[in-house]
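Novice: This is the structure I want to talk about, given as structure tokens.
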Protein chains: 2
Amino acid sequence: MVVLRFRIRLFAWLSLLAGAGGFMAGAAIAADPLPSWNAGAARSAILEFVDRVTQEGDHDFVPREERIAVFDNDGTLWSEQPLYFQATFAIDRVKALAREHPEWKEKQPYKAVLEGDTQVAFSRSEAALAMLVMATHSGVTTEELEASVKEWLATAKHPRFQRPYTDLVFQPMLEVLNLFREHGFKTYIVSGGGIEFMRQWAPRSYGIPPEQIVGSSLKLKYELRDGKPVLRQLPEVEFLDDGAGKPIAIQKFIGRRPIAAFGNSDGDFEMLEWTTTGAGRRFGLVVHHTDAEREWAYDRNSSVGRLDKVLDDGPKRGWTMVDMQRDWKVIYPFQK
Amino acid sequence: MVVLRFRIRLFAWLSLLAGAGGFMAGAAIAADPLPSWNAGAARSAILEFVDRVTQEGDHDFVPREERIAVFDNDGTLWSEQPLYFQATFAIDRVKALAREHPEWKEKQPYKAVLEGDTQVAFSRSEAALAMLVMATHSGVTTEELEASVKEWLATAKHPRFQRPYTDLVFQPMLEVLNLFREHGFKTYIVSGGGIEFMRQWAPRSYGIPPEQIVGSSLKLKYELRDGKPVLRQLPEVEFLDDGAGKPIAIQKFIGRRPIAAFGNSDGDFEMLEWTTTGAGRRFGLVVHHTDAEREWAYDRNSSVGRLDKVLDDGPKRGWTMVDMQRDWKVIYPFQK
């Protein structure tokens with residue numbers, strides 16, 4: 001295994017003062033940046049890539065400002081079953097707003113949602129989901145949306161784990177985010193999820209600031225309310241950050257071609273392709289959900305996070321395929 | 001005048017070792033972060049703002065991650081006369097591409113441009129300018145556009161100063177950018193100029209990385225050429241980053257409300273309003289072009305960088321109005 005040069009941490013120094021035995025223990029902790037990853041090809045590939053592009057003088061060395069890593073969110077950094085979590089937020093908003101919209105009782109997909117039949121609501125089409133998100137995310141100002149997302153996050157519980165949704169981030173991926181940042185990478189989210197939705201919790205959950213979170217968006221309108229300016233979300237999609245939209249968003253928001261990309265579904269194909277076909281050493285990683293017991297197992301036939309083309313093409317293109325069941329010691333931070 | 005706490009620099013320490021006299025000289029150099037600004041209200045307002053929001057424990061203290069400062073580009077960070085420099089690039093491109101477009105000889109505004117009559121070309125309407133930019137910036141891939149911008153910058157000379165356009169950045173504003181960054185601010189460009197155009201030179205000229213440059217954009221298309229992915233610029237405006245578009249772009253790209261904004265024209269009104277009406281201490285600054293001798297003098301009646309509403313409203317709203325002739329010791333770095 002390659003040797004990684006880690007910043008020597010304070011506790012290692014303290015251990016050194018306490019004697020050589022203590023130092024060894026300290027160094028051992030500091031030296032494993034991926035404790036939730038089992039030994040194997042995926043873990044080695046991550047460590048080797050980070051090592052190679054950050055070794056000054058190495059053929060693959062990449063200057064610090066060019067170290068851009070992009071991460072899909074749903075299914076890559078947190079779970080996405082039984083429904084994208086933002087869709088659950090939209091459903092809960094429909095229920096909360098139903099009194100103001102009596103017409104929803106007779107209109108699909110709202111009717112199905114209000115009758116508790118989300119299977120019906122979403123089996124119809126992706127458009128139904130888009131319509132729900134639009135209806136529940138528009139009309140309000142960005143500040144009002146922020147407040148409703150935060151309230152939902154503080155109270156809603158995931159039906160299977162009976163925990164807040166933000167507990168369902170992937171511990172092994174938190175370690176990857178930290179590893180990359182410790183080696184001078186700027187980490188970005190580039191997700192099909194709503195940009196305003198993600199920015200309310202992702203900074204704290206992942207250590208990624210709002211300005212490094214890229215997502216789908218509705219059009220905004222600048223207007224005055226009682227003489228004070230607000231930004232109001234319009235019921236019109238501005239940008240869908242999925243598929244070919246991802247490299248386009250990367251160019252627009254970042255203006256540099258990333259050297260590492262992480263995804264889990266066919267919606268990440270173009271982002272992975274754009275990243276890994278650039279000049280110099282590149283890295284692509286795909287999380288394959290194979291663990292029905294600890295998380296979920298799904299790929300080609302899933303309506304959420306469908307992984308079909310990328311499952312075939314990924315290995316041929318040299319992308320690192322993560323088998324969640326085999327490669328991850330724990331899934332969530334609360335299982336540590 | 002307020003006292004600014006500067007990072008003590010190496011040379012000051014070295015001077016200290018060399019004796020107290022040397023230390024005073026070293027400290028004096030380090031202590032003037034705005035050497036190209038004359039003493040006066042504008043200079044004091046800048047220094048006081050930076051001091052107040054960065055003093056831990058002060059009522060106006062702002063945590064480092066919230067220190068966002070946004071800068072218009074044309075007329076705020078570099079000159080914009082006799083024509084926006086990007087328009088000159090577009091004109092030069094029309095001439096360079098004319099052979100491939102014989103139809104332009106008979107079609108306005110191309111005809112006027114090819115006959116050397118840019119007054120005619122642009123007096124018609126802003127739409128004429130937009131059309132030129134579109135025709136000369138689209139069809140190509142982002143990499144091809146990058147190459148043509150870089151080639152133009154390396155060869156084109158400003159008609160008045162006979163120097164590369166990138167020489168015409170404002171020395172006093174470079175000092176402001178550095179002052180803010182030294183105090184933990186993230187500095188952004190939020191400009192009506194084209195995002196792909198600015199990113200080719202602004203990082204080196206201003207020390208602002210591509211991912212902190214926000215501008216107007218054309219739609220992009222992701223496609224394969226000989227099996228390799230490219231992003232092609234389409235002849236369709238995606239976003240006009242001017243007027244109310246600026247706070248909208250700020251929300252989308254940055255996701256935080258800035259605490260300082262710098263502009264020079266009515267197109268910056270909403271950005272200044274959005275920034276300065278937020279809670280807590282805020283800062284707005286307007287560059288007024290008053291120096292016909294060293295630069296240009298223009299405001300209410302200029303077709304380029306028109307400053308009318310903001311000239312009236314700025315002082316009422318507490319924005320710092322910079323009188324270029326009075327406040328700036330030098331305009332350009334080559335005059336230092």
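For the structure tokens, the naming scheme is as follows: chains receive sequential letters (A, B, ...) according to their order of presentation, residues are indexed from 1 within each chain, and ligands are indexed from 1 in presentation order.
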Within 8 Å of chain A, which residues of chain B are there when counting only C-alpha atoms? Please give them as a list in words.
Specialist: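 Written out as asked, the residues are Ile195, Arg199, Pro210, Glu211, Gln212, Val214, Leu220, Lys221, Tyr222, Lys228, Pro229, Leu231, Ala244, Gly245, Pro247, Ile248, Lys252, Phe253, Ile254, Gly255, Arg256, Glu273, Trp274 and Thr277 of chain B.
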Novice: Could you give me, as an mmCIF file with all heavy atoms, in the first residue's frame, each residue of segment 67-250 of chain A that DSSP assigns to strand (DSSP E) when run on this structure's backbone?
Specialist:
data_model
loop_
_atom_site.group_PDB
_atom_site.id
_atom_site.type_symbol
_atom_site.label_atom_id
_atom_site.label_comp_id
_atom_site.auth_asym_id
_atom_site.auth_seq_id
_atom_site.Cartn_x
_atom_site.Cartn_y
_atom_site.Cartn_z
ATOM 1 N N ILE A 68 -10.166 19.542 -7.752
ATOM 2 C CA ILE A 68 -11.611 19.666 -7.609
ATOM 3 C C ILE A 68 -12.202 18.259 -7.611
ATOM 4 O O ILE A 68 -11.920 17.472 -8.511
ATOM 5 C CB ILE A 68 -12.212 20.461 -8.795
ATOM 6 C CG1 ILE A 68 -11.568 21.845 -8.926
ATOM 7 C CG2 ILE A 68 -13.724 20.544 -8.687
ATOM 8 C CD1 ILE A 68 -11.974 22.855 -7.905
ATOM 9 N N ALA A 69 -12.996 17.947 -6.591
ATOM 10 C CA ALA A 69 -13.677 16.651 -6.529
ATOM 11 C C ALA A 69 -15.176 16.904 -6.423
ATOM 12 O O ALA A 69 -15.613 17.718 -5.606
ATOM 13 C CB ALA A 69 -13.192 15.844 -5.331
ATOM 14 N N VAL A 70 -15.955 16.227 -7.256
ATOM 15 C CA VAL A 70 -17.405 16.435 -7.284
ATOM 16 C C VAL A 70 -18.133 15.179 -6.819
ATOM 17 O O VAL A 70 -17.788 14.066 -7.207
ATOM 18 C CB VAL A 70 -17.885 16.850 -8.691
ATOM 19 C CG1 VAL A 70 -17.446 18.283 -9.003
ATOM 20 C CG2 VAL A 70 -17.378 15.904 -9.760
ATOM 21 N N PHE A 71 -19.143 15.376 -5.995
ATOM 22 C CA PHE A 71 -19.890 14.270 -5.394
ATOM 23 C C PHE A 71 -21.381 14.436 -5.680
ATOM 24 O O PHE A 71 -21.972 15.472 -5.357
ATOM 25 C CB PHE A 71 -19.700 14.254 -3.871
ATOM 26 C CG PHE A 71 -18.296 13.976 -3.432
ATOM 27 C CD1 PHE A 71 -17.333 14.977 -3.460
ATOM 28 C CD2 PHE A 71 -17.924 12.705 -2.991
ATOM 29 C CE1 PHE A 71 -16.017 14.719 -3.063
ATOM 30 C CE2 PHE A 71 -16.621 12.433 -2.586
ATOM 31 C CZ PHE A 71 -15.659 13.436 -2.621
ATOM 32 N N LYS A 186 -10.842 20.849 -3.118
ATOM 33 C CA LYS A 186 -12.110 21.509 -2.873
ATOM 34 C C LYS A 186 -13.185 20.477 -3.195
ATOM 35 O O LYS A 186 -13.207 19.930 -4.308
ATOM 36 C CB LYS A 186 -12.252 22.715 -3.815
ATOM 37 C CG LYS A 186 -12.331 24.043 -3.105
ATOM 38 C CD LYS A 186 -12.526 25.183 -4.067
ATOM 39 C CE LYS A 186 -12.743 26.462 -3.294
ATOM 40 N NZ LYS A 186 -12.683 27.649 -4.155
ATOM 41 N N THR A 187 -14.054 20.180 -2.229
ATOM 42 C CA THR A 187 -15.102 19.191 -2.447
ATOM 43 C C THR A 187 -16.418 19.899 -2.775
ATOM 44 O O THR A 187 -16.819 20.840 -2.094
ATOM 45 C CB THR A 187 -15.289 18.307 -1.204
ATOM 46 O OG1 THR A 187 -15.471 19.142 -0.050
ATOM 47 C CG2 THR A 187 -14.080 17.426 -0.970
ATOM 48 N N TYR A 188 -17.068 19.443 -3.833
ATOM 49 C CA TYR A 188 -18.346 19.999 -4.295
ATOM 50 C C TYR A 188 -19.423 18.923 -4.320
ATOM 51 O O TYR A 188 -19.139 17.767 -4.645
ATOM 52 C CB TYR A 188 -18.220 20.514 -5.732
ATOM 53 C CG TYR A 188 -17.588 21.880 -5.874
ATOM 54 C CD1 TYR A 188 -16.204 22.023 -5.885
ATOM 55 C CD2 TYR A 188 -18.365 23.012 -6.017
ATOM 56 C CE1 TYR A 188 -15.621 23.279 -6.033
ATOM 57 C CE2 TYR A 188 -17.788 24.266 -6.164
ATOM 58 C CZ TYR A 188 -16.421 24.393 -6.167
ATOM 59 O OH TYR A 188 -15.838 25.627 -6.305
ATOM 60 N N ILE A 189 -20.644 19.328 -4.012
ATOM 61 C CA ILE A 189 -21.790 18.486 -4.338
ATOM 62 C C ILE A 189 -22.325 18.930 -5.687
ATOM 63 O O ILE A 189 -22.503 20.128 -5.919
ATOM 64 C CB ILE A 189 -22.902 18.616 -3.272
ATOM 65 C CG1 ILE A 189 -22.440 17.993 -1.957
ATOM 66 C CG2 ILE A 189 -24.191 17.960 -3.761
ATOM 67 C CD1 ILE A 189 -23.435 18.160 -0.834
ATOM 68 N N VAL A 190 -22.565 17.980 -6.579
ATOM 69 C CA VAL A 190 -23.228 18.265 -7.853
ATOM 70 C C VAL A 190 -24.338 17.231 -7.974
ATOM 71 O O VAL A 190 -24.105 16.073 -8.327
ATOM 72 C CB VAL A 190 -22.243 18.180 -9.036
ATOM 73 C CG1 VAL A 190 -22.974 18.450 -10.355
ATOM 74 C CG2 VAL A 190 -21.099 19.182 -8.864
ATOM 75 N N SER A 191 -25.553 17.666 -7.625
ATOM 76 C CA SER A 191 -26.642 16.726 -7.404
ATOM 77 C C SER A 191 -27.908 17.135 -8.125
ATOM 78 O O SER A 191 -28.167 18.331 -8.342
ATOM 79 C CB SER A 191 -26.929 16.680 -5.897
ATOM 80 O OG SER A 191 -28.139 16.018 -5.646
ATOM 81 N N GLY A 192 -28.713 16.131 -8.472
ATOM 82 C CA GLY A 192 -30.025 16.413 -9.032
ATOM 83 C C GLY A 192 -30.970 17.023 -8.013
ATOM 84 O O GLY A 192 -31.990 17.611 -8.364
ATOM 85 N N GLY A 193 -30.630 16.906 -6.747
ATOM 86 C CA GLY A 193 -31.461 17.472 -5.677
ATOM 87 C C GLY A 193 -31.536 18.986 -5.772
ATOM 88 O O GLY A 193 -30.736 19.626 -6.442
ATOM 89 N N GLY A 194 -32.520 19.547 -5.077
ATOM 90 C CA GLY A 194 -32.714 21.000 -5.119
ATOM 91 C C GLY A 194 -31.609 21.731 -4.382
ATOM 92 O O GLY A 194 -31.235 21.368 -3.266
ATOM 93 N N ILE A 213 -22.152 23.853 -3.224
ATOM 94 C CA ILE A 213 -23.282 22.940 -3.414
ATOM 95 C C ILE A 213 -24.039 23.359 -4.670
ATOM 96 O O ILE A 213 -24.568 24.455 -4.751
ATOM 97 C CB ILE A 213 -24.208 22.968 -2.184
ATOM 98 C CG1 ILE A 213 -23.434 22.461 -0.963
ATOM 99 C CG2 ILE A 213 -25.455 22.128 -2.440
ATOM 100 C CD1 ILE A 213 -24.183 22.592 0.339
ATOM 101 N N VAL A 214 -24.035 22.474 -5.659
ATOM 102 C CA VAL A 214 -24.670 22.741 -6.944
ATOM 103 C C VAL A 214 -25.828 21.759 -7.096
ATOM 104 O O VAL A 214 -25.665 20.574 -6.807
ATOM 105 C CB VAL A 214 -23.652 22.541 -8.091
ATOM 106 C CG1 VAL A 214 -24.298 22.791 -9.441
ATOM 107 C CG2 VAL A 214 -22.428 23.440 -7.889
ATOM 108 N N GLY A 215 -26.989 22.259 -7.519
ATOM 109 C CA GLY A 215 -28.129 21.374 -7.666
ATOM 110 C C GLY A 215 -29.139 21.898 -8.659
ATOM 111 O O GLY A 215 -28.900 22.887 -9.355
ATOM 112 N N SER A 216 -30.288 21.215 -8.716
ATOM 113 C CA SER A 216 -31.377 21.684 -9.567
ATOM 114 C C SER A 216 -31.995 22.923 -8.936
ATOM 115 O O SER A 216 -31.942 23.123 -7.727
ATOM 116 C CB SER A 216 -32.433 20.588 -9.712
ATOM 117 O OG SER A 216 -31.878 19.451 -10.351
ATOM 118 N N SER A 217 -32.580 23.774 -9.785
ATOM 119 C CA SER A 217 -33.122 25.020 -9.242
ATOM 120 C C SER A 217 -34.389 25.453 -9.953
ATOM 121 O O SER A 217 -34.625 25.118 -11.116
ATOM 122 C CB SER A 217 -32.075 26.137 -9.339
ATOM 123 O OG SER A 217 -31.638 26.286 -10.673
ATOM 124 N N LEU A 218 -35.205 26.181 -9.212
ATOM 125 C CA LEU A 218 -36.338 26.893 -9.802
ATOM 126 C C LEU A 218 -35.879 28.314 -10.125
ATOM 127 O O LEU A 218 -34.900 28.797 -9.563
ATOM 128 C CB LEU A 218 -37.503 26.943 -8.803
ATOM 129 C CG LEU A 218 -38.088 25.602 -8.356
ATOM 130 C CD1 LEU A 218 -39.284 25.831 -7.424
ATOM 131 C CD2 LEU A 218 -38.515 24.765 -9.555
ATOM 132 N N LYS A 219 -36.619 28.974 -11.019
ATOM 133 C CA LYS A 219 -36.303 30.378 -11.291
ATOM 134 C C LYS A 219 -36.618 31.221 -10.068
ATOM 135 O O LYS A 219 -37.539 30.922 -9.310
ATOM 136 C CB LYS A 219 -37.109 30.878 -12.493
ATOM 137 C CG LYS A 219 -36.570 30.348 -13.792
ATOM 138 C CD LYS A 219 -37.002 31.159 -15.004
ATOM 139 C CE LYS A 219 -36.234 30.652 -16.218
ATOM 140 N NZ LYS A 219 -36.815 31.090 -17.477
ATOM 141 N N LEU A 220 -35.843 32.267 -9.893
ATOM 142 C CA LEU A 220 -36.054 33.188 -8.774
ATOM 143 C C LEU A 220 -36.504 34.539 -9.306
ATOM 144 O O LEU A 220 -36.181 34.919 -10.422
ATOM 145 C CB LEU A 220 -34.748 33.384 -7.993
ATOM 146 C CG LEU A 220 -34.175 32.180 -7.248
ATOM 147 C CD1 LEU A 220 -32.813 32.525 -6.662
ATOM 148 C CD2 LEU A 220 -35.120 31.739 -6.137
ATOM 149 N N LYS A 221 -37.241 35.257 -8.458
ATOM 150 C CA LYS A 221 -37.635 36.628 -8.803
ATOM 151 C C LYS A 221 -37.251 37.547 -7.655
ATOM 152 O O LYS A 221 -37.521 37.243 -6.494
ATOM 153 C CB LYS A 221 -39.140 36.684 -9.044
ATOM 154 C CG LYS A 221 -39.608 38.008 -9.616
ATOM 155 C CD LYS A 221 -41.043 37.893 -10.110
ATOM 156 C CE LYS A 221 -41.465 39.117 -10.903
ATOM 157 N NZ LYS A 221 -41.388 40.354 -10.158
ATOM 158 N N TYR A 222 -36.595 38.626 -8.019
ATOM 159 C CA TYR A 222 -36.199 39.627 -7.022
ATOM 160 C C TYR A 222 -37.333 40.626 -6.890
ATOM 161 O O TYR A 222 -37.760 41.222 -7.870
ATOM 162 C CB TYR A 222 -34.941 40.332 -7.519
ATOM 163 C CG TYR A 222 -34.327 41.341 -6.567
ATOM 164 C CD1 TYR A 222 -33.530 40.931 -5.506
ATOM 165 C CD2 TYR A 222 -34.516 42.702 -6.756
ATOM 166 C CE1 TYR A 222 -32.945 41.846 -4.653
ATOM 167 C CE2 TYR A 222 -33.929 43.634 -5.900
ATOM 168 C CZ TYR A 222 -33.141 43.195 -4.852
ATOM 169 O OH TYR A 222 -32.553 44.091 -4.006
ATOM 170 N N GLU A 223 -37.848 40.801 -5.680
ATOM 171 C CA GLU A 223 -38.945 41.758 -5.513
ATOM 172 C C GLU A 223 -38.920 42.373 -4.124
ATOM 173 O O GLU A 223 -38.250 41.867 -3.216
ATOM 174 C CB GLU A 223 -40.288 41.076 -5.800
ATOM 175 C CG GLU A 223 -40.589 39.897 -4.904
ATOM 176 C CD GLU A 223 -41.825 39.111 -5.355
ATOM 177 O OE1 GLU A 223 -42.139 39.098 -6.556
ATOM 178 O OE2 GLU A 223 -42.464 38.502 -4.478
ATOM 179 N N LEU A 224 -39.661 43.467 -3.983
ATOM 180 C CA LEU A 224 -39.703 44.158 -2.692
ATOM 181 C C LEU A 224 -40.964 43.769 -1.930
ATOM 182 O O LEU A 224 -42.051 43.721 -2.502
ATOM 183 C CB LEU A 224 -39.671 45.677 -2.903
ATOM 184 C CG LEU A 224 -38.403 46.239 -3.554
ATOM 185 C CD1 LEU A 224 -38.504 47.741 -3.731
ATOM 186 C CD2 LEU A 224 -37.157 45.889 -2.733
ATOM 187 N N ARG A 225 -40.782 43.476 -0.636
ATOM 188 C CA ARG A 225 -41.935 43.253 0.252
ATOM 189 C C ARG A 225 -41.817 44.233 1.397
ATOM 190 O O ARG A 225 -40.838 44.171 2.146
ATOM 191 C CB ARG A 225 -41.918 41.827 0.804
ATOM 192 C CG ARG A 225 -42.406 40.834 -0.196
ATOM 193 C CD ARG A 225 -42.876 39.560 0.491
ATOM 194 N NE ARG A 225 -43.191 38.556 -0.528
ATOM 195 C CZ ARG A 225 -43.370 37.287 -0.290
ATOM 196 N NH1 ARG A 225 -43.276 36.839 0.948
ATOM 197 N NH2 ARG A 225 -43.650 36.448 -1.264
ATOM 198 N N LYS A 228 -38.565 45.858 1.546
ATOM 199 C CA LYS A 228 -37.351 45.037 1.727
ATOM 200 C C LYS A 228 -37.251 44.014 0.597
ATOM 201 O O LYS A 228 -38.241 43.346 0.276
ATOM 202 C CB LYS A 228 -37.436 44.290 3.070
ATOM 203 C CG LYS A 228 -37.242 45.192 4.275
ATOM 204 C CD LYS A 228 -36.124 44.656 5.152
ATOM 205 C CE LYS A 228 -35.573 45.747 6.048
ATOM 206 N NZ LYS A 228 -34.360 45.335 6.744
ATOM 207 N N PRO A 229 -36.066 43.869 0.042
ATOM 208 C CA PRO A 229 -35.943 42.907 -1.064
ATOM 209 C C PRO A 229 -35.998 41.458 -0.589
ATOM 210 O O PRO A 229 -35.473 41.112 0.472
ATOM 211 C CB PRO A 229 -34.572 43.226 -1.658
ATOM 212 C CG PRO A 229 -33.802 43.885 -0.570
ATOM 213 C CD PRO A 229 -34.810 44.591 0.293
ATOM 214 N N VAL A 230 -36.666 40.625 -1.383
ATOM 215 C CA VAL A 230 -36.689 39.174 -1.145
ATOM 216 C C VAL A 230 -36.461 38.480 -2.490
ATOM 217 O O VAL A 230 -36.608 39.088 -3.551
ATOM 218 C CB VAL A 230 -38.033 38.688 -0.555
ATOM 219 C CG1 VAL A 230 -38.288 39.285 0.825
ATOM 220 C CG2 VAL A 230 -39.194 38.999 -1.498
ATOM 221 N N LEU A 231 -36.111 37.210 -2.425
ATOM 222 C CA LEU A 231 -36.010 36.380 -3.624
ATOM 223 C C LEU A 231 -37.107 35.327 -3.529
ATOM 224 O O LEU A 231 -37.144 34.551 -2.578
ATOM 225 C CB LEU A 231 -34.633 35.723 -3.701
ATOM 226 C CG LEU A 231 -33.471 36.690 -3.953
ATOM 227 C CD1 LEU A 231 -32.128 36.002 -3.710
ATOM 228 C CD2 LEU A 231 -33.533 37.236 -5.378
ATOM 229 N N ARG A 232 -38.003 35.357 -4.514
ATOM 230 C CA ARG A 232 -39.134 34.438 -4.466
ATOM 231 C C ARG A 232 -38.921 33.318 -5.478
ATOM 232 O O ARG A 232 -38.487 33.549 -6.606
ATOM 233 C CB ARG A 232 -40.434 35.186 -4.777
ATOM 234 C CG ARG A 232 -41.693 34.371 -4.526
ATOM 235 C CD ARG A 232 -42.920 35.264 -4.386
ATOM 236 N NE ARG A 232 -43.148 36.097 -5.554
ATOM 237 C CZ ARG A 232 -43.775 35.673 -6.666
ATOM 238 N NH1 ARG A 232 -44.239 34.439 -6.733
ATOM 239 N NH2 ARG A 232 -43.927 36.481 -7.688
ATOM 240 N N GLN A 233 -39.221 32.092 -5.055
ATOM 241 C CA GLN A 233 -39.087 30.935 -5.949
ATOM 242 C C GLN A 233 -40.307 30.862 -6.877
ATOM 243 O O GLN A 233 -41.439 30.856 -6.401
ATOM 244 C CB GLN A 233 -39.008 29.649 -5.121
ATOM 245 C CG GLN A 233 -37.835 29.605 -4.157
ATOM 246 C CD GLN A 233 -36.926 28.418 -4.435
ATOM 247 O OE1 GLN A 233 -35.735 28.569 -4.682
ATOM 248 N NE2 GLN A 233 -37.492 27.228 -4.414
ATOM 249 N N LEU A 234 -40.058 30.799 -8.168
ATOM 250 C CA LEU A 234 -41.159 30.715 -9.138
ATOM 251 C C LEU A 234 -41.453 29.252 -9.480
ATOM 252 O O LEU A 234 -40.571 28.404 -9.382
ATOM 253 C CB LEU A 234 -40.784 31.472 -10.417
ATOM 254 C CG LEU A 234 -40.453 32.955 -10.244
ATOM 255 C CD1 LEU A 234 -40.118 33.583 -11.600
ATOM 256 C CD2 LEU A 234 -41.612 33.700 -9.589
ATOM 257 N N PRO A 235 -42.700 28.968 -9.871
ATOM 258 C CA PRO A 235 -43.047 27.576 -10.221
ATOM 259 C C PRO A 235 -42.562 27.227 -11.627
ATOM 260 O O PRO A 235 -43.337 26.820 -12.480
ATOM 261 C CB PRO A 235 -44.578 27.565 -10.114
ATOM 262 C CG PRO A 235 -44.989 28.962 -10.404
ATOM 263 C CD PRO A 235 -43.870 29.855 -9.933
ATOM 264 N N GLU A 236 -41.287 27.433 -11.865
ATOM 265 C CA GLU A 236 -40.728 27.159 -13.184
ATOM 266 C C GLU A 236 -39.309 26.629 -13.000
ATOM 267 O O GLU A 236 -38.480 27.273 -12.354
ATOM 268 C CB GLU A 236 -40.692 28.470 -13.987
ATOM 269 C CG GLU A 236 -40.347 28.294 -15.435
ATOM 270 C CD GLU A 236 -40.321 29.636 -16.183
ATOM 271 O OE1 GLU A 236 -40.870 30.637 -15.659
ATOM 272 O OE2 GLU A 236 -39.729 29.670 -17.260
ATOM 273 N N VAL A 237 -39.041 25.463 -13.567
ATOM 274 C CA VAL A 237 -37.714 24.882 -13.426
ATOM 275 C C VAL A 237 -36.704 25.728 -14.186
ATOM 276 O O VAL A 237 -36.919 26.085 -15.343
ATOM 277 C CB VAL A 237 -37.682 23.438 -13.970
ATOM 278 C CG1 VAL A 237 -36.254 22.917 -14.020
ATOM 279 C CG2 VAL A 237 -38.542 22.531 -13.104
ATOM 280 N N GLU A 238 -35.615 26.072 -13.519
ATOM 281 C CA GLU A 238 -34.559 26.800 -14.202
ATOM 282 C C GLU A 238 -33.531 25.828 -14.759
ATOM 283 O O GLU A 238 -33.091 25.954 -15.883
ATOM 284 C CB GLU A 238 -33.859 27.747 -13.241
ATOM 285 C CG GLU A 238 -32.730 28.480 -13.919
ATOM 286 C CD GLU A 238 -32.076 29.467 -12.987
ATOM 287 O OE1 GLU A 238 -31.509 29.047 -11.961
ATOM 288 O OE2 GLU A 238 -32.144 30.656 -13.268
ATOM 289 N N PHE A 239 -33.171 24.853 -13.937
ATOM 290 C CA PHE A 239 -32.086 23.963 -14.360
ATOM 291 C C PHE A 239 -32.241 22.598 -13.695
ATOM 292 O O PHE A 239 -32.463 22.510 -12.489
ATOM 293 C CB PHE A 239 -30.739 24.577 -13.966
ATOM 294 C CG PHE A 239 -29.569 23.813 -14.509
ATOM 295 C CD1 PHE A 239 -29.246 23.892 -15.849
ATOM 296 C CD2 PHE A 239 -28.821 22.987 -13.676
ATOM 297 C CE1 PHE A 239 -28.189 23.166 -16.365
ATOM 298 C CE2 PHE A 239 -27.757 22.250 -14.188
ATOM 299 C CZ PHE A 239 -27.442 22.350 -15.530
#
Novice: Between atom CA of Ala135 of chain A and atom CA of Leu168 of chain A, what is the spacing in Å?
Specialist: 26.1 Å
Novice: Applying 12 Å and only C-alpha atoms, which residues near Ala128 of chain B remain after dropping the ones on its own chain fewer than 6 positions away? List them as number ranges by chain.
Specialist: B: 87, 90-91, 107-113, 118-122, 134-135
Novice: Take the residues just selected and output them with C-alpha atoms as a CSV table (one decimal), in the first residue's frame.
Specialist:
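Written output follows (result_21.csv):
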chain,number,residue,atom,x,y,z
B,87,ALA,CA,-17.6,44.1,-27.1
B,90,ALA,CA,-16.6,40.5,-30.2
B,91,ILE,CA,-15.9,43.1,-32.9
B,107,LYS,CA,-26.5,42.3,-42.6
B,108,GLN,CA,-26.5,44.7,-39.6
B,109,PRO,CA,-24.9,45.0,-37.2
B,110,TYR,CA,-22.2,43.0,-38.8
B,111,LYS,CA,-22.1,45.2,-41.9
B,112,ALA,CA,-21.3,48.3,-39.8
B,113,VAL,CA,-18.7,46.5,-37.8
B,118,THR,CA,-18.9,50.7,-34.5
B,119,GLN,CA,-20.8,53.8,-33.5
B,120,VAL,CA,-23.5,52.8,-36.0
B,121,ALA,CA,-23.3,49.2,-34.9
B,122,PHE,CA,-24.0,49.9,-31.3
B,134,MET,CA,-23.8,35.7,-29.3
B,135,ALA,CA,-22.6,35.2,-32.9
Novice: Between B:Glu151, B:Glu103, B:Asp308, B:Asp291, which residue has the minimum interatomic distance to Asp268 of chain B, considering only C-alpha atoms?
Specialist: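 Once distances to Asp268 of chain B are computed over only C-alpha atoms, the minimum belongs to B:Asp308.
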Novice: Would you please work out which residue, of A:Gln86, A:Thr76, A:Asn38, A:Asn301, is nearest to Asn264 of chain A when using only C-alpha atoms?
Specialist: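 Ranked by minimum distance to Asn264 of chain A, first place goes to A:Thr76.
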Novice: In Å, how far is it from atom CA of Asp313 of chain B to atom CA of Arg282 of chain B?
Specialist: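 Separation of atom CA of Asp313 of chain B and atom CA of Arg282 of chain B: 16.3 Å.
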